[in-house]
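J.: Following this message is one structure expressed as structure tokens.
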Amino acid sequence: MAGAITLERIMALQAAYIRCIDNNELEAWPEFFLDQCLYKVTTAENHKNGFEAGIIYADSKAMLIDRIAALREANVYEKQSYRHILGLPNVVNNNGEEAKSETPFLIARIMHDGRTDLFATGVYLDTYRAAGNDLKFAKRIVVCDSSRVDTLMALPL
Amino acid sequence: MAGAITLERIMALQAAYIRCIDNNELEAWPEFFLDQCLYKVTTAENHKNGFEAGIIYADSKAMLIDRIAALREANVYEKQSYRHILGLPNVVNNNGEEAKSETPFLIARIMHDGRTDLFATGVYLDTYRAAGNDLKFAKRIVVCDSSRVDTLMALPL
Amino acid sequence: MAGAITLERIMALQAAYIRCIDNNELEAWPEFFLDQCLYKVTTAENHKNGFEAGIIYADSKAMLIDRIAALREANVYEKQSYRHILGLPNVVNNNGEEAKSETPFLIARIMHDGRTDLFATGVYLDTYRAAGNDLKFAKRIVVCDSSRVDTLMALPL
């Protein structure tokens with residue numbers, strides 16, 4: 001079955017996603033999502049309290065495409081880059097056509113002058129769906145551990 | 001054979017273990033261990049020199065349960081949380097019923113006010129045994145790279 | 001086919017490589033490479049601009065062996081150790097006999113007095129070849145994200 005979701009496909013998707021961002025191939029980033037999707041960045045505290053409002057909120061691939069266009073115009077990428085390090089996905093649910101997982105992340109930020117800091121840690125709460133031969137994100141909720149997330153944050157996480 | 005130990009089962013156990021701690025589900029933590037077990041936190045220097053005394057030492061699941069009860073009473077968890085990022089387990093020995101591995105780790109600590117720091121790095125030296133359908137730790141020796149481990153450290157690593 | 005390259009073998013090689021360095025078994029490090037090989041450490045900026053000159057450059061296993069001998073003489077290892085944390089390898093090419101992958105890394109450095117810092121992040125650009133039953137590096141290009149790489153850097157990355 002071409003569409004069946006396996007851990008191997010999930011791991012390949014996760015690895016390709018961070019490679020896309022860390023290599024500054026941002027225009028390809030929205031392609032990891034279904035047309036109707038949810039992409040949200042929030043904090044652990046807000047998430048625990050059930051607050052809907054996140055730091056970033058988009059509910060369609062079109063909004064993600066707009067976001068990248070805005071970033072490119074603002075030229076944010078020139079000033080910093082990210083390096084994502086992921087843990088193994090915990091697959092919490094998988095019926096073969098839709099799956100959910102939790103994946104820990106750590107992101108280092110490298111400023112233009114070379115300074116590197118521990119930018120963010122947290123967990124990706126993901127829902128995947130098979131779209132033909134591809135696996136895509138139906139939902140990606142990025143839960144940052146710290147409530148002190150840099151408000152100038154602009155790159156996708 | 002239900003009990004056979006595979007890399008996939010080892011990886012699933014490692015991922016579930018850190019999820020338990022990072023999600024603050026500490027009461028479930030002792031369940032990752034056999035009733036008769038060894039859980040020890042030590043430093044690379046002490047480990048190399050063969051010193052038995054560790055920073056934390058427990059040789060039964062009952063001691064681990066007591067430890068969590070004490071932590072909850074002291075309310076330590078309110079003040080900080082962890083984010084574990086693991087490398088791939090190096091399986092150094094596996095006879096199908098008992099296996100040993102070495103797994104690198106990095107732990108970020110997130111304080112209540114949002115400050116995040118690189119809390120500890122090191123390696124887990126583990127011995128697994130199959131207990132029915134479950135895989136459990138017979139031994140987990142947590143070797144911290146730095147000799148400067150925070151003496152107020154209280155959460156399980 | 002004994003020589004076929006699989007993701008599992010690649011992951012095992014990556015895990016063994018960092019274990020060798022982080023355990024201070026440096027004499028074994030050149031054995032991860034073919035006799036004719038390329039080992040280069042460079043920065044993302046130099047790599048993007050196509051500059052050949054790297055921070056470290058070696059094009060044979062013999063040069064790697066020399067490098068370790070020099071390090072031991074200078075006694076650098078006494079003063080610091082590393083802890084590598086790797087992401088999943090992105091296999092970008094694999095014909096069964098030769099494969100290429102990109103693997104993100106983060107290295108924490110632990111000084112002798114216990115101070116730990118985020119030493120380097122980046123990506124390994126690797127070419128593997130099967131040598132009998134072993135998988136070895138034909139090329140390992142270590143691309144560090146930051147242009148501010150510690151010039152006293154001496155250990156293999």
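Note on naming: chains are A, B, ... as they come in the structure tokens, residues start from 1 per chain, ligands start from 1 in the order shown.
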When you look at region 19-28 of chain B with a cut-off of 9 Å (counting only C-alpha atoms), what residues show up, excluding the ones that are within fewer than 2 positions of it in the same chain? I need them as number ranges by chain.

T.: A: 90, 102, 104; B: 14-17, 30-32, 65, 68-69, 72, 77, 81-84, 155-157

J.: Chain A residues within 10 Å of chain B, counting only C-alpha atoms: which ones, as a list in words?

T.: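 Residues satisfying the distance criterion: Ala44, Ile85, Leu86, Gly87, Leu88, Pro89, Asn90, Val91, Glu102, Thr103, Pro104, Phe105, Leu106, Asp117, Leu118, Phe119, Ala120, Thr121, Gly122, Val123, Asp145, Ser146, Ser147, Arg148 and Val149 of chain A.
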
J.: Pull C-alpha atoms from the residues just selected and write them as a PDB file, in the first residue's frame.

T.:
```pdb
ATOM      1  CA  ALA A  44       4.331  24.919  26.962  1.00  0.00           C
ATOM      2  CA  ILE A  85      18.628  18.686  16.334  1.00  0.00           C
ATOM      3  CA  LEU A  86      15.750  16.265  16.735  1.00  0.00           C
ATOM      4  CA  GLY A  87      15.103  13.334  19.007  1.00  0.00           C
ATOM      5  CA  LEU A  88      13.337  10.198  17.892  1.00  0.00           C
ATOM      6  CA  PRO A  89       9.635  10.586  17.105  1.00  0.00           C
ATOM      7  CA  ASN A  90       7.303   8.983  19.657  1.00  0.00           C
ATOM      8  CA  VAL A  91       4.503   7.648  17.482  1.00  0.00           C
ATOM      9  CA  GLU A 102       5.668  13.786  19.450  1.00  0.00           C
ATOM     10  CA  THR A 103       9.249  14.715  18.570  1.00  0.00           C
ATOM     11  CA  PRO A 104      11.615  16.621  20.883  1.00  0.00           C
ATOM     12  CA  PHE A 105      13.720  19.368  19.313  1.00  0.00           C
ATOM     13  CA  LEU A 106      16.561  21.700  20.141  1.00  0.00           C
ATOM     14  CA  ASP A 117      23.152  30.283  21.236  1.00  0.00           C
ATOM     15  CA  LEU A 118      20.622  27.745  22.393  1.00  0.00           C
ATOM     16  CA  PHE A 119      17.597  29.387  20.803  1.00  0.00           C
ATOM     17  CA  ALA A 120      14.728  27.092  21.683  1.00  0.00           C
ATOM     18  CA  THR A 121      13.805  23.643  22.918  1.00  0.00           C
ATOM     19  CA  GLY A 122      10.457  21.940  22.837  1.00  0.00           C
ATOM     20  CA  VAL A 123       8.373  19.299  21.191  1.00  0.00           C
ATOM     21  CA  ASP A 145       9.458  24.922  26.484  1.00  0.00           C
ATOM     22  CA  SER A 146      10.326  28.465  27.458  1.00  0.00           C
ATOM     23  CA  SER A 147       7.828  31.276  27.870  1.00  0.00           C
ATOM     24  CA  ARG A 148      10.616  33.666  26.910  1.00  0.00           C
ATOM     25  CA  VAL A 149      10.521  33.094  23.193  1.00  0.00           C
TER      26      VAL A 149
END
```

J.: May I have the residues within 12 Å of Phe51 (chain C) as a PDB file with N, CA, C and O atoms, in the first residue's frame, using only C-alpha atoms and disregarding those fewer than 4 positions away in the same chain?

T.:
```pdb
ATOM      1  N   LYS C  40      37.794  17.060   5.816  1.00  0.00           N
ATOM      2  CA  LYS C  40      37.933  18.509   5.768  1.00  0.00           C
ATOM      3  C   LYS C  40      37.004  19.133   6.786  1.00  0.00           C
ATOM      4  O   LYS C  40      35.858  18.711   6.922  1.00  0.00           O
ATOM      5  N   VAL C  41      37.480  20.133   7.503  1.00  0.00           N
ATOM      6  CA  VAL C  41      36.626  20.940   8.381  1.00  0.00           C
ATOM      7  C   VAL C  41      36.590  22.339   7.793  1.00  0.00           C
ATOM      8  O   VAL C  41      37.638  22.921   7.505  1.00  0.00           O
ATOM      9  N   THR C  42      35.392  22.864   7.568  1.00  0.00           N
ATOM     10  CA  THR C  42      35.269  24.190   6.977  1.00  0.00           C
ATOM     11  C   THR C  42      34.063  24.908   7.577  1.00  0.00           C
ATOM     12  O   THR C  42      33.400  24.377   8.452  1.00  0.00           O
ATOM     13  N   THR C  43      33.817  26.147   7.132  1.00  0.00           N
ATOM     14  CA  THR C  43      32.652  26.883   7.625  1.00  0.00           C
ATOM     15  C   THR C  43      31.577  26.939   6.542  1.00  0.00           C
ATOM     16  O   THR C  43      31.867  26.800   5.352  1.00  0.00           O
ATOM     17  N   ALA C  44      30.346  27.173   6.980  1.00  0.00           N
ATOM     18  CA  ALA C  44      29.225  27.236   6.032  1.00  0.00           C
ATOM     19  C   ALA C  44      29.497  28.305   4.978  1.00  0.00           C
ATOM     20  O   ALA C  44      29.216  28.109   3.794  1.00  0.00           O
ATOM     21  N   GLU C  45      30.065  29.432   5.421  1.00  0.00           N
ATOM     22  CA  GLU C  45      30.302  30.525   4.479  1.00  0.00           C
ATOM     23  C   GLU C  45      31.349  30.133   3.433  1.00  0.00           C
ATOM     24  O   GLU C  45      31.139  30.319   2.237  1.00  0.00           O
ATOM     25  N   ASN C  46      32.455  29.572   3.879  1.00  0.00           N
ATOM     26  CA  ASN C  46      33.477  29.135   2.924  1.00  0.00           C
ATOM     27  C   ASN C  46      32.941  28.039   2.006  1.00  0.00           C
ATOM     28  O   ASN C  46      33.229  28.022   0.805  1.00  0.00           O
ATOM     29  N   HIS C  47      32.175  27.141   2.574  1.00  0.00           N
ATOM     30  CA  HIS C  47      31.645  26.037   1.781  1.00  0.00           C
ATOM     31  C   HIS C  47      30.702  26.558   0.694  1.00  0.00           C
ATOM     32  O   HIS C  47      30.758  26.145  -0.454  1.00  0.00           O
ATOM     33  N   ILE C  55      39.584  24.650   7.562  1.00  0.00           N
ATOM     34  CA  ILE C  55      40.291  24.833   8.819  1.00  0.00           C
ATOM     35  C   ILE C  55      41.236  23.645   9.031  1.00  0.00           C
ATOM     36  O   ILE C  55      42.335  23.780   9.524  1.00  0.00           O
TER      37      ILE C  55
END
```

J.: Mind fitting chain A onto chain B over all Cα atoms in sequence order and sending the result as a PDB file with C-alpha atoms, in the first residue's frame?

T.:
```pdb
ATOM      1  CA  MET A   1       9.584 -14.606  20.367  1.00  0.00           C
ATOM      2  CA  ALA A   2       7.797 -11.933  22.373  1.00  0.00           C
ATOM      3  CA  GLY A   3      10.791 -11.234  24.567  1.00  0.00           C
ATOM      4  CA  ALA A   4      13.530 -10.756  21.951  1.00  0.00           C
ATOM      5  CA  ILE A   5      15.340  -7.464  22.222  1.00  0.00           C
ATOM      6  CA  THR A   6      15.687  -5.440  19.036  1.00  0.00           C
ATOM      7  CA  LEU A   7      17.132  -2.014  18.280  1.00  0.00           C
ATOM      8  CA  GLU A   8      13.614  -0.857  17.515  1.00  0.00           C
ATOM      9  CA  ARG A   9      12.393  -1.816  21.005  1.00  0.00           C
ATOM     10  CA  ILE A  10      15.436  -0.169  22.582  1.00  0.00           C
ATOM     11  CA  MET A  11      14.799   3.066  20.692  1.00  0.00           C
ATOM     12  CA  ALA A  12      11.129   3.035  21.667  1.00  0.00           C
ATOM     13  CA  LEU A  13      12.048   2.565  25.338  1.00  0.00           C
ATOM     14  CA  GLN A  14      14.569   5.407  25.246  1.00  0.00           C
ATOM     15  CA  ALA A  15      12.067   7.734  23.599  1.00  0.00           C
ATOM     16  CA  ALA A  16       9.298   6.851  26.065  1.00  0.00           C
ATOM     17  CA  TYR A  17      11.618   7.338  29.056  1.00  0.00           C
ATOM     18  CA  ILE A  18      12.556  10.921  28.211  1.00  0.00           C
ATOM     19  CA  ARG A  19       8.982  11.755  27.222  1.00  0.00           C
ATOM     20  CA  CYS A  20       7.864  10.647  30.687  1.00  0.00           C
ATOM     21  CA  ILE A  21      10.310  12.995  32.421  1.00  0.00           C
ATOM     22  CA  ASP A  22       9.998  15.945  30.064  1.00  0.00           C
ATOM     23  CA  ASN A  23       6.195  15.763  30.275  1.00  0.00           C
ATOM     24  CA  ASN A  24       6.342  15.776  34.087  1.00  0.00           C
ATOM     25  CA  GLU A  25       4.754  12.334  34.384  1.00  0.00           C
ATOM     26  CA  LEU A  26       7.244  11.396  37.074  1.00  0.00           C
ATOM     27  CA  GLU A  27       5.030   8.850  38.813  1.00  0.00           C
ATOM     28  CA  ALA A  28       5.385   6.627  35.733  1.00  0.00           C
ATOM     29  CA  TRP A  29       9.180   6.861  35.762  1.00  0.00           C
ATOM     30  CA  PRO A  30       9.968   3.931  38.125  1.00  0.00           C
ATOM     31  CA  GLU A  31       7.963   1.644  35.833  1.00  0.00           C
ATOM     32  CA  PHE A  32      10.786   1.738  33.304  1.00  0.00           C
ATOM     33  CA  PHE A  33      12.889  -0.313  35.729  1.00  0.00           C
ATOM     34  CA  LEU A  34      12.835  -3.903  36.952  1.00  0.00           C
ATOM     35  CA  ASP A  35      12.005  -4.412  40.644  1.00  0.00           C
ATOM     36  CA  GLN A  36      15.645  -5.265  41.274  1.00  0.00           C
ATOM     37  CA  CYS A  37      17.613  -2.674  39.382  1.00  0.00           C
ATOM     38  CA  LEU A  38      20.444  -0.211  39.567  1.00  0.00           C
ATOM     39  CA  TYR A  39      19.986   3.488  38.881  1.00  0.00           C
ATOM     40  CA  LYS A  40      23.050   5.593  39.391  1.00  0.00           C
ATOM     41  CA  VAL A  41      24.065   9.128  38.421  1.00  0.00           C
ATOM     42  CA  THR A  42      27.792   9.767  38.426  1.00  0.00           C
ATOM     43  CA  THR A  43      30.482  11.823  36.693  1.00  0.00           C
ATOM     44  CA  ALA A  44      32.844  10.728  33.925  1.00  0.00           C
ATOM     45  CA  GLU A  45      35.802  11.220  36.238  1.00  0.00           C
ATOM     46  CA  ASN A  46      34.365   9.111  39.062  1.00  0.00           C
ATOM     47  CA  HIS A  47      33.235   6.480  36.612  1.00  0.00           C
ATOM     48  CA  LYS A  48      36.669   6.265  35.000  1.00  0.00           C
ATOM     49  CA  ASN A  49      38.304   5.932  38.393  1.00  0.00           C
ATOM     50  CA  GLY A  50      35.896   3.179  39.404  1.00  0.00           C
ATOM     51  CA  PHE A  51      34.433   5.086  42.348  1.00  0.00           C
ATOM     52  CA  GLU A  52      31.199   3.466  43.383  1.00  0.00           C
ATOM     53  CA  ALA A  53      29.694   6.476  45.098  1.00  0.00           C
ATOM     54  CA  GLY A  54      27.542   8.406  42.716  1.00  0.00           C
ATOM     55  CA  ILE A  55      25.525  11.579  42.969  1.00  0.00           C
ATOM     56  CA  ILE A  56      22.380   9.499  43.085  1.00  0.00           C
ATOM     57  CA  TYR A  57      22.229   5.800  43.867  1.00  0.00           C
ATOM     58  CA  ALA A  58      19.227   3.471  44.006  1.00  0.00           C
ATOM     59  CA  ASP A  59      19.176  -0.302  43.789  1.00  0.00           C
ATOM     60  CA  SER A  60      15.469  -1.090  43.685  1.00  0.00           C
ATOM     61  CA  LYS A  61      12.337   0.229  42.061  1.00  0.00           C
ATOM     62  CA  ALA A  62      10.990   0.943  45.560  1.00  0.00           C
ATOM     63  CA  MET A  63      13.783   3.485  46.105  1.00  0.00           C
ATOM     64  CA  LEU A  64      12.888   5.184  42.830  1.00  0.00           C
ATOM     65  CA  ILE A  65       9.266   5.456  43.899  1.00  0.00           C
ATOM     66  CA  ASP A  66      10.369   7.023  47.209  1.00  0.00           C
ATOM     67  CA  ARG A  67      12.522   9.460  45.331  1.00  0.00           C
ATOM     68  CA  ILE A  68       9.618  10.732  43.254  1.00  0.00           C
ATOM     69  CA  ALA A  69       7.425  11.082  46.327  1.00  0.00           C
ATOM     70  CA  ALA A  70      10.132  13.237  47.934  1.00  0.00           C
ATOM     71  CA  LEU A  71      10.471  15.354  44.801  1.00  0.00           C
ATOM     72  CA  ARG A  72       6.753  15.976  44.661  1.00  0.00           C
ATOM     73  CA  GLU A  73       6.710  17.012  48.291  1.00  0.00           C
ATOM     74  CA  ALA A  74       9.597  19.419  47.743  1.00  0.00           C
ATOM     75  CA  ASN A  75       7.739  20.732  44.717  1.00  0.00           C
ATOM     76  CA  VAL A  76      10.945  20.891  42.728  1.00  0.00           C
ATOM     77  CA  TYR A  77       9.238  20.332  39.432  1.00  0.00           C
ATOM     78  CA  GLU A  78       7.432  23.623  39.605  1.00  0.00           C
ATOM     79  CA  LYS A  79      10.714  25.421  39.364  1.00  0.00           C
ATOM     80  CA  GLN A  80      12.276  23.819  36.332  1.00  0.00           C
ATOM     81  CA  SER A  81      11.767  21.400  33.506  1.00  0.00           C
ATOM     82  CA  TYR A  82      14.084  19.414  31.300  1.00  0.00           C
ATOM     83  CA  ARG A  83      14.326  18.731  27.610  1.00  0.00           C
ATOM     84  CA  HIS A  84      16.332  15.617  26.765  1.00  0.00           C
ATOM     85  CA  ILE A  85      17.862  15.154  23.334  1.00  0.00           C
ATOM     86  CA  LEU A  86      19.305  11.712  22.718  1.00  0.00           C
ATOM     87  CA  GLY A  87      21.696  10.302  20.174  1.00  0.00           C
ATOM     88  CA  LEU A  88      21.333   6.867  18.671  1.00  0.00           C
ATOM     89  CA  PRO A  89      21.928   3.958  21.051  1.00  0.00           C
ATOM     90  CA  ASN A  90      25.170   2.052  20.435  1.00  0.00           C
ATOM     91  CA  VAL A  91      24.167  -1.527  21.169  1.00  0.00           C
ATOM     92  CA  VAL A  92      27.376  -3.057  22.502  1.00  0.00           C
ATOM     93  CA  ASN A  93      25.939  -6.424  23.470  1.00  0.00           C
ATOM     94  CA  ASN A  94      22.710  -8.296  22.784  1.00  0.00           C
ATOM     95  CA  ASN A  95      21.936 -11.963  23.349  1.00  0.00           C
ATOM     96  CA  GLY A  96      18.228 -11.475  22.705  1.00  0.00           C
ATOM     97  CA  GLU A  97      17.258 -11.634  26.380  1.00  0.00           C
ATOM     98  CA  GLU A  98      19.660  -9.134  27.814  1.00  0.00           C
ATOM     99  CA  ALA A  99      21.282  -6.239  25.996  1.00  0.00           C
ATOM    100  CA  LYS A 100      23.670  -3.412  26.778  1.00  0.00           C
ATOM    101  CA  SER A 101      23.905  -0.066  25.057  1.00  0.00           C
ATOM    102  CA  GLU A 102      25.502   3.350  25.333  1.00  0.00           C
ATOM    103  CA  THR A 103      23.379   6.372  24.428  1.00  0.00           C
ATOM    104  CA  PRO A 104      24.659   9.970  24.370  1.00  0.00           C
ATOM    105  CA  PHE A 105      22.400  12.628  25.876  1.00  0.00           C
ATOM    106  CA  LEU A 106      22.118  16.371  26.206  1.00  0.00           C
ATOM    107  CA  ILE A 107      19.715  17.954  28.654  1.00  0.00           C
ATOM    108  CA  ALA A 108      18.532  21.539  28.464  1.00  0.00           C
ATOM    109  CA  ARG A 109      17.018  22.984  31.629  1.00  0.00           C
ATOM    110  CA  ILE A 110      14.203  25.505  31.422  1.00  0.00           C
ATOM    111  CA  MET A 111      13.736  27.589  34.562  1.00  0.00           C
ATOM    112  CA  HIS A 112      10.365  28.908  35.627  1.00  0.00           C
ATOM    113  CA  ASP A 113      11.169  32.392  34.361  1.00  0.00           C
ATOM    114  CA  GLY A 114      12.031  31.031  30.926  1.00  0.00           C
ATOM    115  CA  ARG A 115      15.818  31.031  31.119  1.00  0.00           C
ATOM    116  CA  THR A 116      17.204  27.999  29.299  1.00  0.00           C
ATOM    117  CA  ASP A 117      20.651  26.539  29.782  1.00  0.00           C
ATOM    118  CA  LEU A 118      22.676  23.537  28.747  1.00  0.00           C
ATOM    119  CA  PHE A 119      22.261  21.595  31.977  1.00  0.00           C
ATOM    120  CA  ALA A 120      24.146  18.377  31.372  1.00  0.00           C
ATOM    121  CA  THR A 121      25.675  16.149  28.732  1.00  0.00           C
ATOM    122  CA  GLY A 122      26.828  12.587  29.049  1.00  0.00           C
ATOM    123  CA  VAL A 123      26.079   9.012  28.222  1.00  0.00           C
ATOM    124  CA  TYR A 124      23.575   6.447  29.471  1.00  0.00           C
ATOM    125  CA  LEU A 125      25.156   3.054  30.104  1.00  0.00           C
ATOM    126  CA  ASP A 126      22.182   0.705  30.061  1.00  0.00           C
ATOM    127  CA  THR A 127      21.415  -2.954  30.597  1.00  0.00           C
ATOM    128  CA  TYR A 128      17.984  -4.041  29.393  1.00  0.00           C
ATOM    129  CA  ARG A 129      16.045  -7.175  30.118  1.00  0.00           C
ATOM    130  CA  ALA A 130      12.782  -8.331  28.605  1.00  0.00           C
ATOM    131  CA  ALA A 131       9.995  -8.648  31.185  1.00  0.00           C
ATOM    132  CA  GLY A 132       7.156 -10.368  29.312  1.00  0.00           C
ATOM    133  CA  ASN A 133       6.209  -8.063  26.481  1.00  0.00           C
ATOM    134  CA  ASP A 134       7.987  -5.151  28.081  1.00  0.00           C
ATOM    135  CA  LEU A 135      11.571  -4.104  27.917  1.00  0.00           C
ATOM    136  CA  LYS A 136      12.895  -2.689  31.205  1.00  0.00           C
ATOM    137  CA  PHE A 137      16.089  -1.274  32.603  1.00  0.00           C
ATOM    138  CA  ALA A 138      18.042  -3.706  34.756  1.00  0.00           C
ATOM    139  CA  LYS A 139      20.707  -1.000  35.068  1.00  0.00           C
ATOM    140  CA  ARG A 140      20.934   2.621  34.049  1.00  0.00           C
ATOM    141  CA  ILE A 141      24.178   4.372  34.872  1.00  0.00           C
ATOM    142  CA  VAL A 142      24.003   8.052  33.970  1.00  0.00           C
ATOM    143  CA  VAL A 143      27.543   9.288  33.382  1.00  0.00           C
ATOM    144  CA  CYS A 144      27.634  13.104  33.307  1.00  0.00           C
ATOM    145  CA  ASP A 145      30.551  14.569  31.374  1.00  0.00           C
ATOM    146  CA  SER A 146      31.100  17.487  33.707  1.00  0.00           C
ATOM    147  CA  SER A 147      32.347  17.211  37.268  1.00  0.00           C
ATOM    148  CA  ARG A 148      30.416  20.394  38.010  1.00  0.00           C
ATOM    149  CA  VAL A 149      26.991  18.862  38.276  1.00  0.00           C
ATOM    150  CA  ASP A 150      24.469  21.098  39.976  1.00  0.00           C
ATOM    151  CA  THR A 151      24.262  19.813  43.537  1.00  0.00           C
ATOM    152  CA  LEU A 152      20.701  20.982  43.809  1.00  0.00           C
ATOM    153  CA  MET A 153      19.881  18.648  40.969  1.00  0.00           C
ATOM    154  CA  ALA A 154      16.819  16.695  41.846  1.00  0.00           C
ATOM    155  CA  LEU A 155      14.880  15.508  38.825  1.00  0.00           C
ATOM    156  CA  PRO A 156      15.675  12.112  37.357  1.00  0.00           C
ATOM    157  CA  LEU A 157      18.106  12.272  34.471  1.00  0.00           C
TER     158      LEU A 157
END
```

J.: Run DSSP on the backbone and give me the residues of chain A it puts in alpha helix (DSSP H), as a PyMOL selection string.

T.: chain A and resi 7-22+44-48+61-74
